[in-house]
Amino acid sequence: LVRVSEGDLSSTRSATEWVPTIDVSALSDSSGPLRAQCIQQMAQACAESGFFYAVNHGVAPATIDAAMEAAGAFFSLDKEDKLTIDNAKSAAFRGYIAQGLENTNGVVDEREQIEFGVESEAAPPGVMPYYLRLQGPNQWPSDATCPDFRPAVETFAVEMEEEARRLTGALAEVLGENSDVWDRFFDDPFVQMKICRYPGLESADAGVSGVGAHSDSGFLSMLVQDDAGGLQAQLPNGDWVDVPPIKHAIVVNLGEVLQVMSGGKLRATVHRVQRTQRNRISVPYFWNPRLETTLADLGVSTGDASTSSGTHGGRNEVLVEYGANAFKSLARSHPRVMDRHHSDLSVVDGRVMVANAAR
């Protein structure tokens, strides 16, 4: 049984009940009873826990293993080699972030990581809309220090994109739409991918945070992880449930944009990572529509410039333009990049403001 708080014993259910394992191989078929069964399983998981394990997916086990090995090789480098791709050099928030330099909801994250996105030309400095500045090239370690790193990561990203497109079509069906209804918003997707390492604790201290409680700000999140453990999801009653590793499974959870699109029927679940006595490596992949997409495009009716996601006590707002939402999230987490590359912008009351602009 999973760990729960003592306040509500009704939460004592097995991990497989709260976070089910779903065989998604049937999604490769356009129709049929197995696909319908898979869609129903996804609908139940997304409405209840907001998390599930996808197995028999389209990402090859060898591809996952290669990405994890590449991550381990990079994190074993000397600090000076890692800092050759310091993300402070990138206006698009790409590159290496040392432990203690990122924050979640204002609390420092105890992990190191590399941020990646879709490979493209750098946006012109100061371009507007400001969220177009998220476009740009990735930073890669040299072949001399980390051979085979880039091909392993790029192959993983390609296969994860293919799986993300299948899951997106299935989620549309969960909401009663045709599987291709959102395709036009993902013709040029905004993808974020990270390779993360959480350092192990020297003692068995409980409750030490690696990343604090948060919900993901985008559309769909997918994760592979090693066997160290530490990922937890928050239940509707406030208790926490472990999301233990399953080898080669993809952990799937929903972002705030999809929760708002569904009118709250699908859950963007708050989650966190607790540190253990072992180093933990994970590779999260965040699948999002193109930056210019608006909530109105996605079928959300908003009378104001934003709408509450319903997460964090209703304090977090999902802005009308997806790109504004994505930039806001990165800007709050990476003040060094903002100071160096975006001094004309600031985050005020959850919105990105342009210096000297009317408020």
# chains A, B, ... in the order shown; residues from 1 in each chain; ligands from 1
call {"tool": "select_by_dssp", "arguments": {"residues": "range 17-90 of chain A", "states": "alpha helix (DSSP H)", "output": "compact mmCIF listing (two decimals) with C-alpha atoms, in the first residue's frame"}}
result
# COMPACT_ATOMS: atom_id res chain seq x y z
CA GLU A 17 -5.79 1.92 -8.24
CA TRP A 18 -4.82 5.59 -8.01
CA PRO A 33 -13.41 -2.36 -29.26
CA LEU A 34 -9.84 -2.38 -27.91
CA ARG A 35 -9.38 1.27 -28.82
CA ALA A 36 -12.71 2.15 -27.23
CA GLN A 37 -11.70 0.28 -24.07
CA CYS A 38 -8.39 2.15 -23.95
CA ILE A 39 -10.17 5.51 -24.38
CA GLN A 40 -12.52 4.63 -21.51
CA GLN A 41 -9.60 3.71 -19.25
CA MET A 42 -7.89 6.99 -20.08
CA ALA A 43 -11.09 8.93 -19.40
CA GLN A 44 -11.44 7.40 -15.94
CA ALA A 45 -7.77 7.98 -15.04
CA CYS A 46 -7.77 11.58 -16.27
CA ALA A 47 -10.94 12.40 -14.35
CA GLU A 48 -9.86 10.75 -11.09
CA PRO A 61 12.86 0.47 -24.78
CA ALA A 62 16.29 0.87 -26.38
CA THR A 63 15.52 4.53 -27.07
CA ILE A 64 14.57 5.12 -23.43
CA ASP A 65 17.68 3.30 -22.21
CA ALA A 66 19.92 5.36 -24.51
CA ALA A 67 18.40 8.63 -23.29
CA MET A 68 18.85 7.64 -19.65
CA GLU A 69 22.44 6.57 -20.29
CA ALA A 70 23.14 9.87 -22.06
CA ALA A 71 21.74 11.73 -19.06
CA GLY A 72 23.94 9.79 -16.66
CA ALA A 73 27.01 10.47 -18.80
CA PHE A 74 26.34 14.21 -18.87
CA PHE A 75 25.72 14.54 -15.14
CA LYS A 79 30.93 21.26 -13.37
CA GLU A 80 33.01 23.41 -15.72
CA ASP A 81 32.13 21.12 -18.65
CA LYS A 82 28.42 21.31 -17.79
call {"tool": "residues_around", "arguments": {"residues": "Arg197 in chain A", "least_positions_apart": "2", "cutoff": "6 Å", "atoms": "only C-alpha atoms", "output": "VMD selection string"}}
result
chain A and resid 111 to 112 280 to 281
call {"tool": "atom_distance", "arguments": {"atom1": "CA of Gln192 in chain A", "atom2": "CA of Ala228 in chain A"}}
result
23.2 Å
call {"tool": "residues_around", "arguments": {"residues": "range 132-147 of chain A", "least_positions_apart": "5", "cutoff": "6 Å", "atoms": "only C-alpha atoms", "output": "list in words"}}
result
Ile85, Ala92, Arg94, Gly95, Phe116, Glu119, Ser120, Glu121, Ala122 and Ala123 of chain A
call {"tool": "atom_distance", "arguments": {"atom1": "CA of Leu235 in chain A", "atom2": "CA of Asn288 in chain A"}}
result
24.5 Å
call {"tool": "select_by_dssp", "arguments": {"residues": "range 234-345 of chain A", "states": "strand (DSSP E)", "output": "PyMOL selection string"}}
result
chain A and resi 234+240-242+250-254+271-274+280-288+306-308+317-319+345
call {"tool": "closest_residue", "arguments": {"among": "A:His214, A:Glu154, A:Trp287, A:His342", "to": "Val191 in chain A", "atoms": "only C-alpha atoms"}}
result
A:Trp287
call {"tool": "closest_atom_pairs", "arguments": {"of": "range 142-207 of chain A", "to": "range 247-262 of chain A", "cutoff": "12 Å", "atoms": "only C-alpha atoms", "output": "Markdown table"}}
result
| residue | atom | partner | partner_atom | distance |
| --- | --- | --- | --- | --- |
| A:Met160 | CA | A:Ile250 | CA | 9.6 |
| A:Glu163 | CA | A:Ile250 | CA | 10.0 |
| A:Ala164 | CA | A:Val252 | CA | 9.8 |
| A:Leu167 | CA | A:Val252 | CA | 9.4 |
| A:Thr168 | CA | A:Leu258 | CA | 10.3 |
| A:Leu171 | CA | A:Leu258 | CA | 9.3 |
| A:Ala172 | CA | A:Ser262 | CA | 9.8 |
| A:Glu173 | CA | A:Ser262 | CA | 11.8 |
| A:Val174 | CA | A:Ser262 | CA | 9.8 |
| A:Leu175 | CA | A:Ser262 | CA | 7.1 |
| A:Gly176 | CA | A:Ser262 | CA | 10.5 |
| A:Glu177 | CA | A:Ser262 | CA | 11.3 |
| A:Trp182 | CA | A:Met261 | CA | 11.6 |
call {"tool": "closest_residue", "arguments": {"among": "A:Val243, A:Leu201, A:Leu298, A:Ala91", "to": "Thr276 in chain A", "atoms": "only C-alpha atoms"}}
result
A:Leu201
call {"tool": "residues_around", "arguments": {"residues": "Tyr131 in chain A", "least_positions_apart": "2", "cutoff": "8 Å", "atoms": "only C-alpha atoms", "output": "PDB file with N, CA, C and O atoms, in the first residue's frame"}}
result
ATOM      1  N   MET A 128       8.365  40.920 -30.674  1.00  0.00           N
ATOM      2  CA  MET A 128       7.024  40.864 -30.108  1.00  0.00           C
ATOM      3  C   MET A 128       6.109  40.112 -31.072  1.00  0.00           C
ATOM      4  O   MET A 128       6.283  40.239 -32.280  1.00  0.00           O
ATOM      5  N   PRO A 129       5.134  39.341 -30.589  1.00  0.00           N
ATOM      6  CA  PRO A 129       4.850  39.083 -29.183  1.00  0.00           C
ATOM      7  C   PRO A 129       6.051  38.443 -28.470  1.00  0.00           C
ATOM      8  O   PRO A 129       6.789  37.655 -29.070  1.00  0.00           O
ATOM      9  N   ARG A 133      10.107  34.732 -28.392  1.00  0.00           N
ATOM     10  CA  ARG A 133      11.503  34.616 -27.958  1.00  0.00           C
ATOM     11  C   ARG A 133      11.825  33.223 -27.418  1.00  0.00           C
ATOM     12  O   ARG A 133      12.987  32.910 -27.189  1.00  0.00           O
ATOM     13  N   LEU A 134      10.802  32.415 -27.194  1.00  0.00           N
ATOM     14  CA  LEU A 134      11.031  31.040 -26.754  1.00  0.00           C
ATOM     15  C   LEU A 134      11.540  30.151 -27.876  1.00  0.00           C
ATOM     16  O   LEU A 134      11.963  29.019 -27.636  1.00  0.00           O
ATOM     17  N   LEU A 291       2.758  28.299 -30.160  1.00  0.00           N
ATOM     18  CA  LEU A 291       2.749  29.414 -29.222  1.00  0.00           C
ATOM     19  C   LEU A 291       1.580  30.364 -29.447  1.00  0.00           C
ATOM     20  O   LEU A 291       1.050  30.946 -28.499  1.00  0.00           O
ATOM     21  N   GLY A 323       1.322  30.891 -25.665  1.00  0.00           N
ATOM     22  CA  GLY A 323       2.695  31.356 -25.586  1.00  0.00           C
ATOM     23  C   GLY A 323       2.947  32.228 -24.372  1.00  0.00           C
ATOM     24  O   GLY A 323       4.012  32.150 -23.740  1.00  0.00           O
ATOM     25  N   ALA A 324       1.961  33.070 -24.022  1.00  0.00           N
ATOM     26  CA  ALA A 324       2.099  33.902 -22.829  1.00  0.00           C
ATOM     27  C   ALA A 324       2.160  33.042 -21.582  1.00  0.00           C
ATOM     28  O   ALA A 324       2.916  33.317 -20.638  1.00  0.00           O
ATOM     29  N   ALA A 326       3.320  29.917 -21.429  1.00  0.00           N
ATOM     30  CA  ALA A 326       4.613  29.238 -21.413  1.00  0.00           C
ATOM     31  C   ALA A 326       5.729  30.178 -20.978  1.00  0.00           C
ATOM     32  O   ALA A 326       6.594  29.814 -20.169  1.00  0.00           O
ATOM     33  N   PHE A 327       5.716  31.403 -21.515  1.00  0.00           N
ATOM     34  CA  PHE A 327       6.772  32.353 -21.171  1.00  0.00           C
ATOM     35  C   PHE A 327       6.694  32.726 -19.690  1.00  0.00           C
ATOM     36  O   PHE A 327       7.713  32.806 -18.996  1.00  0.00           O
TER      37      PHE A 327
END
call {"tool": "closest_atom_pairs", "arguments": {"of": "range 76-189 of chain A", "to": "range 271-275 of chain A", "cutoff": "12 Å", "atoms": "only C-alpha atoms", "output": "tab-separated table"}}
result
residue	atom	partner	partner_atom	distance
A:Thr104	CA	A:Arg272	CA	10.1
A:Asn105	CA	A:Arg272	CA	11.8
A:Asp109	CA	A:Val273	CA	9.7
A:Glu110	CA	A:Arg275	CA	8.5
A:Arg111	CA	A:Arg275	CA	9.5
call {"tool": "decode", "arguments": {"residues": "range 287-301 of chain A", "atoms": "N, CA, C and O atoms", "output": "tab-separated table (two decimals), in the first residue's frame"}}
result
chain	number	residue	atom	x	y	z
A	287	TRP	N	4.36	18.44	-23.97
A	287	TRP	CA	3.78	18.54	-25.31
A	287	TRP	C	2.72	19.63	-25.31
A	287	TRP	O	1.75	19.57	-24.54
A	288	ASN	N	2.91	20.65	-26.14
A	288	ASN	CA	2.04	21.82	-26.10
A	288	ASN	C	1.72	22.31	-27.51
A	288	ASN	O	2.48	22.07	-28.45
A	289	PRO	N	0.61	23.03	-27.68
A	289	PRO	CA	0.27	23.59	-29.00
A	289	PRO	C	1.24	24.70	-29.39
A	289	PRO	O	2.04	25.17	-28.58
A	290	ARG	N	1.13	25.13	-30.63
A	290	ARG	CA	1.99	26.23	-31.08
A	290	ARG	C	1.74	27.47	-30.24
A	290	ARG	O	0.66	27.66	-29.66
A	291	LEU	N	2.76	28.30	-30.16
A	291	LEU	CA	2.75	29.41	-29.22
A	291	LEU	C	1.58	30.36	-29.45
A	291	LEU	O	1.05	30.95	-28.50
A	292	GLU	N	1.16	30.55	-30.69
A	292	GLU	CA	0.12	31.53	-31.01
A	292	GLU	C	-1.29	31.05	-30.67
A	292	GLU	O	-2.25	31.82	-30.74
A	293	THR	N	-1.44	29.79	-30.28
A	293	THR	CA	-2.75	29.23	-29.99
A	293	THR	C	-3.40	29.95	-28.81
A	293	THR	O	-2.76	30.24	-27.80
A	294	THR	N	-4.69	30.25	-28.94
A	294	THR	CA	-5.43	30.88	-27.85
A	294	THR	C	-6.42	29.89	-27.25
A	294	THR	O	-6.78	28.88	-27.87
A	295	LEU	N	-6.87	30.19	-26.04
A	295	LEU	CA	-7.88	29.35	-25.42
A	295	LEU	C	-9.16	29.34	-26.24
A	295	LEU	O	-9.86	28.32	-26.32
A	296	ALA	N	-9.48	30.46	-26.88
A	296	ALA	CA	-10.66	30.50	-27.75
A	296	ALA	C	-10.51	29.52	-28.91
A	296	ALA	O	-11.47	28.85	-29.30
A	297	ASP	N	-9.29	29.45	-29.48
A	297	ASP	CA	-9.03	28.47	-30.55
A	297	ASP	C	-9.37	27.06	-30.07
A	297	ASP	O	-9.88	26.23	-30.83
A	298	LEU	N	-9.04	26.79	-28.80
A	298	LEU	CA	-9.22	25.46	-28.25
A	298	LEU	C	-10.62	25.22	-27.71
A	298	LEU	O	-10.91	24.17	-27.14
A	299	GLY	N	-11.50	26.21	-27.89
A	299	GLY	CA	-12.89	26.02	-27.52
A	299	GLY	C	-13.24	26.48	-26.12
A	299	GLY	O	-14.32	26.15	-25.61
A	300	VAL	N	-12.32	27.26	-25.49
A	300	VAL	CA	-12.58	27.76	-24.14
A	300	VAL	C	-13.16	29.16	-24.24
A	300	VAL	O	-12.60	30.03	-24.91
A	301	SER	N	-14.28	29.40	-23.58
A	301	SER	CA	-14.88	30.72	-23.57
A	301	SER	C	-14.36	31.52	-22.39
A	301	SER	O	-14.47	31.09	-21.24
